[in-house]
file input.cif (mmCIF, N, CA and C atoms)
data_model
loop_
_atom_site.label_atom_id
_atom_site.label_comp_id
_atom_site.auth_asym_id
_atom_site.auth_seq_id
_atom_site.Cartn_x
_atom_site.Cartn_y
_atom_site.Cartn_z
N MET Q 1113 46.58 35.53 33.80
CA MET Q 1113 47.26 34.46 33.10
C MET Q 1113 48.60 34.94 32.57
N ILE Q 1114 49.55 34.04 32.63
CA ILE Q 1114 50.89 34.32 32.12
C ILE Q 1114 51.10 33.43 30.90
N ARG Q 1115 51.42 34.06 29.78
CA ARG Q 1115 51.59 33.34 28.53
C ARG Q 1115 53.02 32.84 28.39
N VAL Q 1116 53.15 31.65 27.85
CA VAL Q 1116 54.45 31.03 27.59
C VAL Q 1116 54.38 30.40 26.21
N LEU Q 1117 55.48 30.49 25.47
CA LEU Q 1117 55.56 29.83 24.18
C LEU Q 1117 56.60 28.72 24.26
N PHE Q 1118 56.17 27.51 23.92
CA PHE Q 1118 57.05 26.36 23.78
C PHE Q 1118 57.29 26.22 22.28
N GLY Q 1119 58.26 26.97 21.78
CA GLY Q 1119 58.44 27.04 20.33
C GLY Q 1119 57.23 27.75 19.74
N GLU Q 1120 56.44 27.02 18.96
CA GLU Q 1120 55.24 27.59 18.33
C GLU Q 1120 53.96 27.31 19.13
N VAL Q 1121 54.08 26.54 20.19
CA VAL Q 1121 52.90 26.14 20.97
C VAL Q 1121 52.68 27.12 22.12
N ALA Q 1122 51.54 27.76 22.12
CA ALA Q 1122 51.20 28.71 23.18
C ALA Q 1122 50.59 27.98 24.37
N ALA Q 1123 50.93 28.43 25.55
CA ALA Q 1123 50.37 27.87 26.78
C ALA Q 1123 50.19 29.03 27.75
N ALA Q 1124 49.48 28.78 28.83
CA ALA Q 1124 49.26 29.82 29.83
C ALA Q 1124 49.15 29.18 31.20
N GLY Q 1125 49.59 29.91 32.19
CA GLY Q 1125 49.51 29.44 33.56
C GLY Q 1125 49.29 30.59 34.51
N GLU Q 1126 49.20 30.26 35.75
CA GLU Q 1126 48.99 31.25 36.80
C GLU Q 1126 50.32 31.56 37.49
N PRO Q 1127 50.44 32.73 38.10
CA PRO Q 1127 51.65 33.02 38.87
C PRO Q 1127 51.90 31.92 39.90
N GLY Q 1128 53.13 31.46 39.96
CA GLY Q 1128 53.49 30.39 40.89
C GLY Q 1128 53.51 29.01 40.27
N ASP Q 1129 52.82 28.84 39.13
CA ASP Q 1129 52.87 27.55 38.42
C ASP Q 1129 54.29 27.31 37.93
N THR Q 1130 54.70 26.06 37.87
CA THR Q 1130 56.00 25.76 37.28
C THR Q 1130 55.84 25.65 35.76
N LEU Q 1131 56.92 25.92 35.09
CA LEU Q 1131 56.93 25.77 33.64
C LEU Q 1131 56.66 24.32 33.27
N LEU Q 1132 57.11 23.38 34.09
CA LEU Q 1132 56.84 21.96 33.86
C LEU Q 1132 55.35 21.71 33.83
N HIS Q 1133 54.63 22.18 34.82
CA HIS Q 1133 53.18 21.97 34.90
C HIS Q 1133 52.47 22.59 33.70
N VAL Q 1134 52.84 23.80 33.36
CA VAL Q 1134 52.20 24.50 32.24
C VAL Q 1134 52.47 23.75 30.94
N GLY Q 1135 53.71 23.31 30.75
CA GLY Q 1135 54.04 22.57 29.54
C GLY Q 1135 53.30 21.25 29.43
N GLN Q 1136 53.22 20.53 30.53
CA GLN Q 1136 52.50 19.27 30.52
C GLN Q 1136 51.02 19.49 30.21
N GLN Q 1137 50.43 20.53 30.78
CA GLN Q 1137 49.03 20.84 30.52
C GLN Q 1137 48.79 21.19 29.06
N ALA Q 1138 49.83 21.72 28.40
CA ALA Q 1138 49.73 22.09 26.98
C ALA Q 1138 50.12 20.94 26.06
N GLY Q 1139 50.37 19.76 26.63
CA GLY Q 1139 50.67 18.58 25.82
C GLY Q 1139 52.12 18.48 25.36
N GLN Q 1140 53.01 19.23 25.99
CA GLN Q 1140 54.42 19.17 25.62
C GLN Q 1140 55.07 17.91 26.21
N PRO Q 1141 56.03 17.33 25.51
CA PRO Q 1141 56.65 16.08 25.99
C PRO Q 1141 57.71 16.33 27.07
N LEU Q 1142 57.26 16.88 28.18
CA LEU Q 1142 58.13 17.09 29.34
C LEU Q 1142 57.77 16.04 30.38
N GLU Q 1143 58.65 15.08 30.57
CA GLU Q 1143 58.34 13.98 31.48
C GLU Q 1143 58.20 14.41 32.93
N GLY Q 1144 59.22 15.06 33.44
CA GLY Q 1144 59.19 15.40 34.86
C GLY Q 1144 59.13 14.15 35.71
N THR Q 1145 59.93 13.16 35.38
CA THR Q 1145 59.91 11.86 36.03
C THR Q 1145 59.97 11.95 37.55
N CYS Q 1146 60.75 12.89 38.07
CA CYS Q 1146 60.92 12.99 39.52
C CYS Q 1146 59.81 13.81 40.18
N GLY Q 1147 58.83 14.25 39.40
CA GLY Q 1147 57.74 15.03 39.97
C GLY Q 1147 58.15 16.43 40.37
N GLY Q 1148 59.18 16.95 39.75
CA GLY Q 1148 59.62 18.31 40.05
C GLY Q 1148 60.49 18.43 41.28
N GLN Q 1149 61.11 17.32 41.69
CA GLN Q 1149 61.91 17.31 42.92
C GLN Q 1149 63.40 17.55 42.67
N LEU Q 1150 63.76 17.97 41.46
CA LEU Q 1150 65.15 18.27 41.11
C LEU Q 1150 66.04 17.03 41.24
N ALA Q 1151 65.50 15.89 40.81
CA ALA Q 1151 66.24 14.63 40.90
C ALA Q 1151 66.43 13.98 39.53
N CYS Q 1152 66.06 14.69 38.47
CA CYS Q 1152 66.26 14.18 37.12
C CYS Q 1152 66.38 15.40 36.19
N ALA Q 1153 66.50 15.16 34.92
CA ALA Q 1153 66.57 16.26 33.96
C ALA Q 1153 65.62 16.03 32.80
N THR Q 1154 64.53 15.33 33.05
CA THR Q 1154 63.58 14.99 31.99
C THR Q 1154 62.64 16.15 31.64
N CYS Q 1155 62.86 17.29 32.25
CA CYS Q 1155 62.07 18.48 31.91
C CYS Q 1155 62.97 19.59 31.39
N HIS Q 1156 64.09 19.18 30.79
CA HIS Q 1156 65.07 20.12 30.23
C HIS Q 1156 64.43 20.97 29.13
N VAL Q 1157 64.58 22.29 29.24
CA VAL Q 1157 64.16 23.22 28.21
C VAL Q 1157 65.32 24.18 27.95
N VAL Q 1158 65.26 24.85 26.81
CA VAL Q 1158 66.25 25.86 26.48
C VAL Q 1158 65.53 27.20 26.39
N VAL Q 1159 65.91 28.10 27.27
CA VAL Q 1159 65.30 29.44 27.30
C VAL Q 1159 65.86 30.23 26.12
N ASP Q 1160 64.99 30.92 25.41
CA ASP Q 1160 65.42 31.76 24.30
C ASP Q 1160 66.43 32.79 24.83
N PRO Q 1161 67.52 33.02 24.10
CA PRO Q 1161 68.54 33.95 24.59
C PRO Q 1161 68.01 35.34 24.96
N ALA Q 1162 66.97 35.80 24.29
CA ALA Q 1162 66.39 37.11 24.62
C ALA Q 1162 65.78 37.12 26.02
N TRP Q 1163 65.44 35.96 26.54
CA TRP Q 1163 64.82 35.84 27.86
C TRP Q 1163 65.81 35.40 28.94
N ALA Q 1164 66.99 35.00 28.55
CA ALA Q 1164 67.94 34.41 29.50
C ALA Q 1164 68.23 35.31 30.70
N GLY Q 1165 68.31 36.59 30.50
CA GLY Q 1165 68.59 37.51 31.60
C GLY Q 1165 67.38 37.85 32.45
N ARG Q 1166 66.21 37.41 32.02
CA ARG Q 1166 64.97 37.73 32.76
C ARG Q 1166 64.48 36.61 33.67
N VAL Q 1167 64.98 35.40 33.44
CA VAL Q 1167 64.59 34.30 34.33
C VAL Q 1167 65.56 34.28 35.51
N PRO Q 1168 65.09 33.84 36.67
CA PRO Q 1168 65.99 33.76 37.83
C PRO Q 1168 67.16 32.82 37.53
N ALA Q 1169 68.29 33.10 38.13
CA ALA Q 1169 69.47 32.25 37.95
C ALA Q 1169 69.20 30.86 38.51
N PRO Q 1170 69.76 29.84 37.87
CA PRO Q 1170 69.59 28.49 38.40
C PRO Q 1170 70.35 28.30 39.71
N SER Q 1171 69.80 27.45 40.56
CA SER Q 1171 70.50 27.12 41.81
C SER Q 1171 71.69 26.23 41.47
N GLU Q 1172 72.56 26.06 42.44
CA GLU Q 1172 73.71 25.18 42.25
C GLU Q 1172 73.24 23.75 42.00
N ALA Q 1173 72.20 23.33 42.69
CA ALA Q 1173 71.66 21.97 42.51
C ALA Q 1173 71.12 21.78 41.09
N GLU Q 1174 70.44 22.81 40.56
CA GLU Q 1174 69.94 22.72 39.19
C GLU Q 1174 71.10 22.67 38.20
N GLU Q 1175 72.11 23.49 38.41
CA GLU Q 1175 73.28 23.46 37.53
C GLU Q 1175 73.95 22.08 37.56
N ASP Q 1176 74.03 21.48 38.75
CA ASP Q 1176 74.61 20.14 38.85
C ASP Q 1176 73.81 19.13 38.04
N MET Q 1177 72.49 19.23 38.10
CA MET Q 1177 71.64 18.30 37.34
C MET Q 1177 71.79 18.55 35.84
N LEU Q 1178 71.90 19.81 35.44
CA LEU Q 1178 72.06 20.13 34.02
C LEU Q 1178 73.41 19.65 33.48
N ASP Q 1179 74.39 19.49 34.37
CA ASP Q 1179 75.68 18.95 33.94
C ASP Q 1179 75.54 17.53 33.40
N LEU Q 1180 74.46 16.85 33.75
CA LEU Q 1180 74.23 15.48 33.30
C LEU Q 1180 73.51 15.41 31.95
N VAL Q 1181 73.07 16.56 31.45
CA VAL Q 1181 72.32 16.61 30.19
C VAL Q 1181 73.31 16.72 29.03
N PRO Q 1182 73.32 15.74 28.12
CA PRO Q 1182 74.32 15.76 27.05
C PRO Q 1182 74.18 16.94 26.09
N ASP Q 1183 72.98 17.44 25.87
CA ASP Q 1183 72.79 18.54 24.92
C ASP Q 1183 72.46 19.87 25.62
N ALA Q 1184 72.92 20.03 26.84
CA ALA Q 1184 72.68 21.27 27.58
C ALA Q 1184 73.38 22.43 26.89
N ARG Q 1185 72.74 23.58 26.99
CA ARG Q 1185 73.29 24.81 26.41
C ARG Q 1185 73.41 25.86 27.52
N ARG Q 1186 73.97 26.99 27.18
CA ARG Q 1186 74.17 28.05 28.16
C ARG Q 1186 72.85 28.50 28.78
N THR Q 1187 71.76 28.44 28.02
CA THR Q 1187 70.47 28.88 28.54
C THR Q 1187 69.55 27.72 28.91
N SER Q 1188 70.12 26.54 29.07
CA SER Q 1188 69.32 25.38 29.49
C SER Q 1188 68.82 25.57 30.91
N ARG Q 1189 67.60 25.09 31.14
CA ARG Q 1189 67.00 25.11 32.47
C ARG Q 1189 66.15 23.87 32.65
N LEU Q 1190 65.80 23.60 33.90
CA LEU Q 1190 64.84 22.54 34.20
C LEU Q 1190 63.50 23.22 34.41
N ALA Q 1191 62.50 22.80 33.65
CA ALA Q 1191 61.19 23.45 33.70
C ALA Q 1191 60.56 23.37 35.08
N CYS Q 1192 60.92 22.36 35.86
CA CYS Q 1192 60.35 22.23 37.21
C CYS Q 1192 60.87 23.31 38.15
N GLN Q 1193 61.95 23.97 37.77
CA GLN Q 1193 62.57 24.97 38.64
C GLN Q 1193 62.22 26.41 38.26
N LEU Q 1194 61.47 26.57 37.19
CA LEU Q 1194 61.05 27.91 36.77
C LEU Q 1194 59.60 28.14 37.14
N ARG Q 1195 59.38 29.05 38.07
CA ARG Q 1195 58.02 29.41 38.48
C ARG Q 1195 57.60 30.67 37.73
N LEU Q 1196 56.37 30.65 37.22
CA LEU Q 1196 55.88 31.78 36.46
C LEU Q 1196 55.61 32.99 37.35
N THR Q 1197 55.99 34.14 36.84
CA THR Q 1197 55.70 35.43 37.47
C THR Q 1197 55.22 36.35 36.36
N PRO Q 1198 54.56 37.45 36.69
CA PRO Q 1198 54.13 38.39 35.65
C PRO Q 1198 55.29 38.87 34.77
N ALA Q 1199 56.49 38.95 35.32
CA ALA Q 1199 57.66 39.39 34.55
C ALA Q 1199 58.02 38.40 33.44
N LEU Q 1200 57.52 37.17 33.53
CA LEU Q 1200 57.82 36.15 32.51
C LEU Q 1200 56.71 36.00 31.48
N ASP Q 1201 55.75 36.92 31.47
CA ASP Q 1201 54.67 36.85 30.48
C ASP Q 1201 55.28 36.96 29.08
N GLY Q 1202 55.02 35.96 28.25
CA GLY Q 1202 55.55 35.90 26.89
C GLY Q 1202 56.84 35.10 26.78
N LEU Q 1203 57.27 34.47 27.86
CA LEU Q 1203 58.49 33.67 27.86
C LEU Q 1203 58.52 32.69 26.70
N LEU Q 1204 59.68 32.61 26.04
CA LEU Q 1204 59.88 31.68 24.93
C LEU Q 1204 60.92 30.65 25.30
N VAL Q 1205 60.55 29.39 25.26
CA VAL Q 1205 61.47 28.28 25.49
C VAL Q 1205 61.32 27.29 24.34
N ARG Q 1206 62.34 26.47 24.20
CA ARG Q 1206 62.31 25.41 23.20
C ARG Q 1206 62.67 24.09 23.87
N LEU Q 1207 62.15 23.03 23.32
CA LEU Q 1207 62.50 21.70 23.81
C LEU Q 1207 63.71 21.22 23.00
N PRO Q 1208 64.70 20.66 23.67
CA PRO Q 1208 65.89 20.22 22.93
C PRO Q 1208 65.61 19.02 22.04
#

call {"tool": "encode", "arguments": {"input": "input.cif", "output": "structure tokens"}}
result
Amino acid sequence: MIRVLFGEVAAAGEPGDTLLHVGQQAGQPLEGTCGGQLACATCHVVVDPAWAGRVPAPSEAEEDMLDLVPDARRTSRLACQLRLTPALDGLLVRLP
């Protein structure tokens, strides 16, 4: 199991699970309207700055979608695009 913190809410998932799926299973208000197809930004999360260098870089398509988010930050990501790996055990994200 890979542990993730959504602020103060702990969640866990398996390697390969998306952060969107793990957050939804933990009752977090992540819509994921497009079903994780990178066609919306309803799963916007902010990666804690301490973790920003450890998550894979966003694709150009993800960056384009984040450009549409009014409160996007330097460490903003779409939860549907972050797949859990053992290197992300303990990842801390916040919901905007």

call {"tool": "closest_residue", "arguments": {"input": "input.cif", "among": "Q:Pro1127, Q:Gly1119, Q:Gly1147, Q:Pro1170", "to": "Leu1204 in chain Q", "atoms": "only C-alpha atoms"}}
result
Q:Gly1119

call {"tool": "select_by_dssp", "arguments": {"input": "input.cif", "residues": "range 1144-1173 of chain Q", "states": "strand (DSSP E or B)", "output": "ChimeraX atom specification"}}
result
/Q:1156-1159

call {"tool": "resolve_selection", "arguments": {"input": "input.cif", "expression": "the PyMOL selection byres ((chain Q and resi 1186) around 8)", "output": "number ranges by chain"}}
result
Q: 1158-1159, 1164, 1183-1185, 1187-1189

call {"tool": "atom_distance", "arguments": {"input": "input.cif", "atom1": "atom C of Pro1161 in chain Q", "atom2": "CA of Leu1203 in chain Q"}}
result
10.1 Å

call {"tool": "resolve_selection", "arguments": {"input": "input.cif", "expression": "the PyMOL selection byres (((chain Q and resi 1129-1145 and name CA) around 12) and name CA)", "output": "ChimeraX atom specification"}}
result
/Q:1113-1128,1146-1159,1167,1189-1198,1200-1201,1203-1208

call {"tool": "atom_distance", "arguments": {"input": "input.cif", "atom1": "CA of Gly1202 in chain Q", "atom2": "CA of Trp1163 in chain Q"}}
result
9.3 Å

call {"tool": "atom_distance", "arguments": {"input": "input.cif", "atom1": "atom N of Ala1169 in chain Q", "atom2": "atom N of Ala1199 in chain Q"}}
result
13.5 Å
